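**Q** Pasting a structure below so you can have a look.
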Amino acid sequence: MKPAATAGRSTERTAAAVFAAAAFAVFYLLPGALRLPVVFYDPLGRGFAIARALPSPWIRYYGDLLYATAAALFAFALGFRLTRNANLGTLTGAALSLVALDVLFYLSRLVASV
Amino acid sequence: MTAHALLAVHGVLGVVSVLAVTRDAIFAVLSASRGEVVTAQGAAIGASSALRRLGWLGPASVVAQFAVGLALYPAYRVRVRALDFDRNAPLYSQLFDFKEHLAALSLALVVALAIASRGADADRDARWPLAAVAASAALLIWTVAILGVCVTARHAV
């Protein structure tokens, strides 16, 4: 493969990976913030349930991860097509801003609870 | 494997993750700013070539550490959070929640970096964006590690 073609393929892959990270950040935050139904795990009864909210010790972490991972995989597949002409610097800036937004959201919840 | 053994493995993998991801971030920034680094043997090589040497270690250790953390999580929720933190130290419950969210976000960045850094030599335009992702991942991993030590010091599983 020619160097220019290799670089182009590499840019597409990088853009798709960054796009997937952005999708992960968005869809990791949304189910919790919007109280969407997710998979919960009961560590005592060792069972699963789908609900908007359940009391402790039911665990919603796995459900949130499932949402975010599915969204990231879908975005990665879609990213090769959608990000073809995107500026990589802008795309990375947007993705890292979304990650920072998630961090600020969870930090605000931590500070509010103190 | 008992929860104590899993916690020990989780801790060891945490140290490896912090070192490997920090190394990746340093090489990514060097790759973007200078284009080459000098190895311990004195040879100058492309920094993104250096990034690829042992480049699997960062994502592998982070993914393994995350998987062990997921396996430990139910034990933490029952033995530590429900019996101690929620009653006696709610701040530690919140700190742990914050840590788990940062861990998930750092995992996404590390995996994205691992996929994106393949072929980074060929694409000079991608170097600074990759350096930014690597530095952000390293910052998150360090924060996760420090919070993990704080929470475990208060009450291990």
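Following the order of the structure tokens, first chain is A, next is B, and so on, with residues numbered from 1 inside each chain and ligands from 1 in the order they appear.
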Taking a cut-off of 6 Å and counting only C-alpha atoms, can you build a table that, for each residue of chain A near chain B, reports the nearest atom pair and how far apart they are in Å (one decimal), sorted by chain then residue number, as a tab-separated table?
**A**
```
residue	atom	partner	partner_atom	distance
A:Ala7	CA	B:Asp123	CA	4.8
A:Ser10	CA	B:Gly119	CA	5.6
A:Arg13	CA	B:Ala116	CA	6.0
A:Thr14	CA	B:Ala116	CA	4.1
A:Ala17	CA	B:Ala112	CA	4.8
A:Ala21	CA	B:Ala108	CA	5.5
A:Pro43	CA	B:Pro74	CA	5.2
A:Gly89	CA	B:Pro129	CA	5.6
A:Thr92	CA	B:Pro129	CA	5.9
A:Leu110	CA	B:Gln94	CA	5.8
```
**Q** Looking only at the backbone, which of the residues in chain A does DSSP tag as helix (DSSP H, G or I), as an NGL selection string?
**A** :A and (3-33 or 61-82 or 88-113)
**Q** Mind pulling up the distance from CA of Val18 in chain A to CA of Phe40 in chain A?
**A**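 Interatomic distance here is 28.5 Å.
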**Q** Residues at most 8 Å from Leu73 in chain A, counting only C-alpha atoms, excluding those fewer than 4 positions away in the same chain, as a list in words?
**A**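 That gives Ala20, Thr69 and Ala77 of chain A.
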**Q** With C-alpha atoms kept, could you save the residues just selected as a PDB file, in the first residue's frame?
**A**
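out_31.pdb, freshly written:
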```
ATOM      1  CA  ALA A  20     -16.174   5.749  19.607  1.00  0.00           C
ATOM      2  CA  THR A  69     -19.898  -0.215  25.182  1.00  0.00           C
ATOM      3  CA  ALA A  77     -18.287   0.992  12.902  1.00  0.00           C
TER       4      ALA A  77
END
```
**Q** Which residues are near Arg84 in chain A? Cut-off 10 Å, only C-alpha atoms, ignore same chain within fewer than 3 positions. Put them as a list in words.
**A**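 Residues meeting the cut-off are Gly8, Arg9, Thr11, Glu12, Arg13, Ala15, Ala16, Gly79, Phe80, Arg81, Asn87 and Leu88 of chain A.
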**Q** Check range 7-41 of chain A with DSSP on the backbone and list each residue it calls strand (DSSP E or B), as a list in words.
**A**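 Those residues are Val38, Val39, Phe40 and Tyr41 of chain A.
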**Q** Write the selection just made, keeping N, CA, C and O atoms, as a PDB file, in the first residue's frame?
**A**
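Everything below was put into part.pdb:
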```pdb
ATOM      1  N   VAL A  38     -32.021   0.193  32.717  1.00  0.00           N
ATOM      2  CA  VAL A  38     -30.770  -0.531  32.437  1.00  0.00           C
ATOM      3  C   VAL A  38     -30.813  -1.880  33.157  1.00  0.00           C
ATOM      4  O   VAL A  38     -31.694  -2.134  33.989  1.00  0.00           O
ATOM      5  N   VAL A  39     -29.828  -2.706  32.855  1.00  0.00           N
ATOM      6  CA  VAL A  39     -29.703  -3.999  33.536  1.00  0.00           C
ATOM      7  C   VAL A  39     -29.107  -3.761  34.922  1.00  0.00           C
ATOM      8  O   VAL A  39     -28.102  -3.064  35.062  1.00  0.00           O
ATOM      9  N   PHE A  40     -29.747  -4.295  35.945  1.00  0.00           N
ATOM     10  CA  PHE A  40     -29.230  -4.244  37.318  1.00  0.00           C
ATOM     11  C   PHE A  40     -28.816  -5.657  37.733  1.00  0.00           C
ATOM     12  O   PHE A  40     -29.418  -6.636  37.290  1.00  0.00           O
ATOM     13  N   TYR A  41     -27.813  -5.736  38.617  1.00  0.00           N
ATOM     14  CA  TYR A  41     -27.382  -7.034  39.140  1.00  0.00           C
ATOM     15  C   TYR A  41     -27.553  -7.045  40.655  1.00  0.00           C
ATOM     16  O   TYR A  41     -27.195  -6.071  41.330  1.00  0.00           O
TER      17      TYR A  41
END
```
**Q** Write out as CSV a residue-level contact list of range 55-143 of chain B versus range 17-23 of chain B with cut-off 6 Å: for each qualifying residue the closest pair of atoms and the distance in Å to one decimal, counting only C-alpha atoms, rows sorted by chain and residue number upward.
**A**
```
residue,atom,partner,partner_atom,distance
B:Gly58,CA,B:Ala20,CA,4.7
B:Ser61,CA,B:Ser17,CA,5.2
B:Val62,CA,B:Ser17,CA,5.4
B:Ala138,CA,B:Thr22,CA,5.4
```
**Q** Can you write just those residues out, C-alpha atoms, as a PDB file, in the first residue's frame?
**A**
```
ATOM      1  CA  GLY B  58      -1.057  -0.406  28.654  1.00  0.00           C
ATOM      2  CA  SER B  61      -3.169  -4.215  31.876  1.00  0.00           C
ATOM      3  CA  VAL B  62      -6.020  -1.680  31.979  1.00  0.00           C
ATOM      4  CA  ALA B 138      -2.832   8.812  32.050  1.00  0.00           C
TER       5      ALA B 138
END
```
**Q** Between CA of Thr152 in chain B and CA of His4 in chain B, what distance in Å does the model show, to one decimal?
**A** 11.4 Å
**Q** Could you tell me how far CA of Leu96 in chain A sits from CA of Ala71 in chain B, in Å to one decimal place?
**A**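 One can read the CA of Ala71 in chain B to CA of Leu96 in chain A distance as 28.2 Å.
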**Q** For Leu7 in chain B, which of B:Ala145, B:Ala131, B:Val151, B:Leu72 is the closest residue, counting only C-alpha atoms?
**A**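 For Leu7 in chain B, the nearest of the given residues is B:Leu72.
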**Q** Which residue out of B:Ala134, B:Asn88, B:Arg53, B:Ile141 has the minimum interatomic distance to His155 in chain B when only C-alpha atoms are used?
**A**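 Using only C-alpha atoms, His155 in chain B sits closest to B:Asn88.
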